[in-house]
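Enquirer: The structure under discussion is supplied below as structure tokens; questions concerning it will follow.
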Amino acid sequence: MPESPFYAKAMRGASKLVGHWLLLGQADPDRLAMILADTARVAKLGEPEETPDGATLGAWSGDATPPLWAARAATFLLLQMPAKPLPRDEFEACAWAYCWLRLRHFESLADAQAALPAHLAEPLAEALPAAWHDHQRLRLI
């Protein structure tokens, strides 16, 4: 089964999500990497095998694709920020939407849209329905 265009965009945007966390987080890269990994563990967003360092976080925000736990944790942390950051481009919006649907269980697209923080409703208006469609498809492993 070919990969959907949405999924490819979301995976490309995952590094942008991690980069957004690196940009807005108020600590040095090593500390931000530790916070990201600890958040993933505590919030049950994934189980990092080891805590990355700042250089790894930097690579993940560039050309290297981050693990999904890192993208989910970055989304979780960005959602907590009082500055209410927004996706900076279409790829990052796809990653936000993809991760949003994996932060908790939603019965329907309408439920996922209603639960979005108000400041993300418009920026994710196109990406969230595409993410929902992608999320509902069965993937063979």
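Following the order of the structure tokens, chains are lettered A, B, ..., residues in each are numbered from 1, and ligands are numbered from 1.
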Pull the alpha helix (DSSP H) assignments for chain A out of DSSP run on the backbone, and list those residues as an MDAnalysis selection string.
Expert: chainID A and resid 5:24 29:42 54:60 68:80 90:103 109:115 118:121 127:136
Enquirer: Just the selected residues (C-alpha atoms), exported as a PDB file, in the first residue's frame, please.
Expert:
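File written: selection-v8.pdb
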ATOM      1  CA  PRO A   5       0.632  12.258   0.815  1.00  0.00           C
ATOM      2  CA  PHE A   6      -0.632  13.396   4.219  1.00  0.00           C
ATOM      3  CA  TYR A   7       1.489  10.874   6.113  1.00  0.00           C
ATOM      4  CA  ALA A   8       4.591  11.870   4.162  1.00  0.00           C
ATOM      5  CA  LYS A   9       3.941  15.537   4.993  1.00  0.00           C
ATOM      6  CA  ALA A  10       3.363  14.742   8.670  1.00  0.00           C
ATOM      7  CA  MET A  11       6.608  12.776   8.903  1.00  0.00           C
ATOM      8  CA  ARG A  12       8.477  15.601   7.177  1.00  0.00           C
ATOM      9  CA  GLY A  13       6.878  18.063   9.597  1.00  0.00           C
ATOM     10  CA  ALA A  14       7.868  16.011  12.664  1.00  0.00           C
ATOM     11  CA  SER A  15      11.376  17.460  12.551  1.00  0.00           C
ATOM     12  CA  LYS A  16       9.860  20.940  12.371  1.00  0.00           C
ATOM     13  CA  LEU A  17       7.845  20.194  15.531  1.00  0.00           C
ATOM     14  CA  VAL A  18      10.981  19.175  17.395  1.00  0.00           C
ATOM     15  CA  GLY A  19      12.714  22.251  16.014  1.00  0.00           C
ATOM     16  CA  HIS A  20       9.870  24.430  17.268  1.00  0.00           C
ATOM     17  CA  TRP A  21      10.363  22.979  20.761  1.00  0.00           C
ATOM     18  CA  LEU A  22      14.104  23.619  20.484  1.00  0.00           C
ATOM     19  CA  LEU A  23      13.431  27.207  19.388  1.00  0.00           C
ATOM     20  CA  LEU A  24      10.853  28.079  22.060  1.00  0.00           C
ATOM     21  CA  PRO A  29      19.557  21.927  24.133  1.00  0.00           C
ATOM     22  CA  ASP A  30      20.726  19.132  26.478  1.00  0.00           C
ATOM     23  CA  ARG A  31      18.111  20.119  29.059  1.00  0.00           C
ATOM     24  CA  LEU A  32      15.395  20.453  26.387  1.00  0.00           C
ATOM     25  CA  ALA A  33      16.246  16.952  25.135  1.00  0.00           C
ATOM     26  CA  MET A  34      15.950  15.587  28.671  1.00  0.00           C
ATOM     27  CA  ILE A  35      12.603  17.365  29.180  1.00  0.00           C
ATOM     28  CA  LEU A  36      11.332  15.946  25.895  1.00  0.00           C
ATOM     29  CA  ALA A  37      12.273  12.373  26.830  1.00  0.00           C
ATOM     30  CA  ASP A  38      10.993  12.679  30.404  1.00  0.00           C
ATOM     31  CA  THR A  39       7.699  14.139  29.142  1.00  0.00           C
ATOM     32  CA  ALA A  40       7.288  11.217  26.741  1.00  0.00           C
ATOM     33  CA  ARG A  41       7.804   8.758  29.584  1.00  0.00           C
ATOM     34  CA  VAL A  42       5.636  10.495  32.194  1.00  0.00           C
ATOM     35  CA  GLY A  54      21.208  18.356  22.636  1.00  0.00           C
ATOM     36  CA  ALA A  55      23.141  17.391  19.510  1.00  0.00           C
ATOM     37  CA  THR A  56      20.623  14.641  18.778  1.00  0.00           C
ATOM     38  CA  LEU A  57      17.762  17.062  19.341  1.00  0.00           C
ATOM     39  CA  GLY A  58      19.431  19.443  16.912  1.00  0.00           C
ATOM     40  CA  ALA A  59      19.777  16.686  14.306  1.00  0.00           C
ATOM     41  CA  TRP A  60      16.125  15.713  14.757  1.00  0.00           C
ATOM     42  CA  LEU A  68       7.412   9.573  16.939  1.00  0.00           C
ATOM     43  CA  TRP A  69       7.623   9.784  20.736  1.00  0.00           C
ATOM     44  CA  ALA A  70       9.709  12.951  20.293  1.00  0.00           C
ATOM     45  CA  ALA A  71       7.189  14.552  17.922  1.00  0.00           C
ATOM     46  CA  ARG A  72       4.291  13.640  20.225  1.00  0.00           C
ATOM     47  CA  ALA A  73       6.127  14.987  23.280  1.00  0.00           C
ATOM     48  CA  ALA A  74       7.046  18.193  21.429  1.00  0.00           C
ATOM     49  CA  THR A  75       3.382  18.682  20.499  1.00  0.00           C
ATOM     50  CA  PHE A  76       2.322  18.054  24.095  1.00  0.00           C
ATOM     51  CA  LEU A  77       4.852  20.593  25.393  1.00  0.00           C
ATOM     52  CA  LEU A  78       4.071  23.224  22.758  1.00  0.00           C
ATOM     53  CA  LEU A  79       0.381  22.944  23.659  1.00  0.00           C
ATOM     54  CA  GLN A  80       1.254  23.822  27.278  1.00  0.00           C
ATOM     55  CA  GLU A  90       1.955  23.147   5.993  1.00  0.00           C
ATOM     56  CA  PHE A  91       4.311  20.309   6.932  1.00  0.00           C
ATOM     57  CA  GLU A  92       4.414  21.320  10.575  1.00  0.00           C
ATOM     58  CA  ALA A  93       0.604  21.707  10.593  1.00  0.00           C
ATOM     59  CA  CYS A  94       0.320  18.126   9.330  1.00  0.00           C
ATOM     60  CA  ALA A  95       2.649  16.940  12.089  1.00  0.00           C
ATOM     61  CA  TRP A  96       0.669  18.871  14.732  1.00  0.00           C
ATOM     62  CA  ALA A  97      -2.574  17.293  13.491  1.00  0.00           C
ATOM     63  CA  TYR A  98      -1.041  13.806  13.285  1.00  0.00           C
ATOM     64  CA  CYS A  99       0.300  14.058  16.838  1.00  0.00           C
ATOM     65  CA  TRP A 100      -2.872  15.690  18.198  1.00  0.00           C
ATOM     66  CA  LEU A 101      -4.847  12.587  17.264  1.00  0.00           C
ATOM     67  CA  ARG A 102      -2.299  10.431  19.072  1.00  0.00           C
ATOM     68  CA  LEU A 103      -2.243  12.392  22.319  1.00  0.00           C
ATOM     69  CA  LEU A 109     -13.280  14.055  13.890  1.00  0.00           C
ATOM     70  CA  ALA A 110     -15.791  16.489  15.378  1.00  0.00           C
ATOM     71  CA  ASP A 111     -14.634  15.500  18.887  1.00  0.00           C
ATOM     72  CA  ALA A 112     -10.991  16.020  17.910  1.00  0.00           C
ATOM     73  CA  GLN A 113     -11.797  19.418  16.403  1.00  0.00           C
ATOM     74  CA  ALA A 114     -13.853  20.498  19.420  1.00  0.00           C
ATOM     75  CA  ALA A 115     -11.056  19.539  21.809  1.00  0.00           C
ATOM     76  CA  ALA A 118      -9.027  27.648  20.025  1.00  0.00           C
ATOM     77  CA  HIS A 119      -5.831  29.136  18.644  1.00  0.00           C
ATOM     78  CA  LEU A 120      -5.183  25.954  16.620  1.00  0.00           C
ATOM     79  CA  ALA A 121      -8.633  25.588  15.049  1.00  0.00           C
ATOM     80  CA  ALA A 127      -4.656  19.228   8.259  1.00  0.00           C
ATOM     81  CA  LEU A 128      -6.881  17.728  10.972  1.00  0.00           C
ATOM     82  CA  PRO A 129      -9.464  16.157   8.608  1.00  0.00           C
ATOM     83  CA  ALA A 130      -6.588  14.707   6.563  1.00  0.00           C
ATOM     84  CA  ALA A 131      -4.990  13.409   9.762  1.00  0.00           C
ATOM     85  CA  TRP A 132      -8.303  11.862  10.818  1.00  0.00           C
ATOM     86  CA  HIS A 133      -8.653  10.101   7.474  1.00  0.00           C
ATOM     87  CA  ASP A 134      -5.074   8.842   7.758  1.00  0.00           C
ATOM     88  CA  HIS A 135      -5.665   7.746  11.369  1.00  0.00           C
ATOM     89  CA  GLN A 136      -8.758   5.731  10.394  1.00  0.00           C
TER      90      GLN A 136
END
Enquirer: Work out how far apart CA of Leu45 (chain A) and CA of Phe106 (chain A) are and give it in Å to one decimal.
Expert: 15.7 Å
Enquirer: Calculate how many Å separate CA of Glu107 (chain A) from CA of Ala125 (chain A), rounding to one decimal.
Expert: 18.0 Å
Enquirer: Kindly give the distance, in Å, that separates CA of Gly62 (chain A) and CA of Asp89 (chain A), rounded to a single decimal.
Expert: 14.9 Å
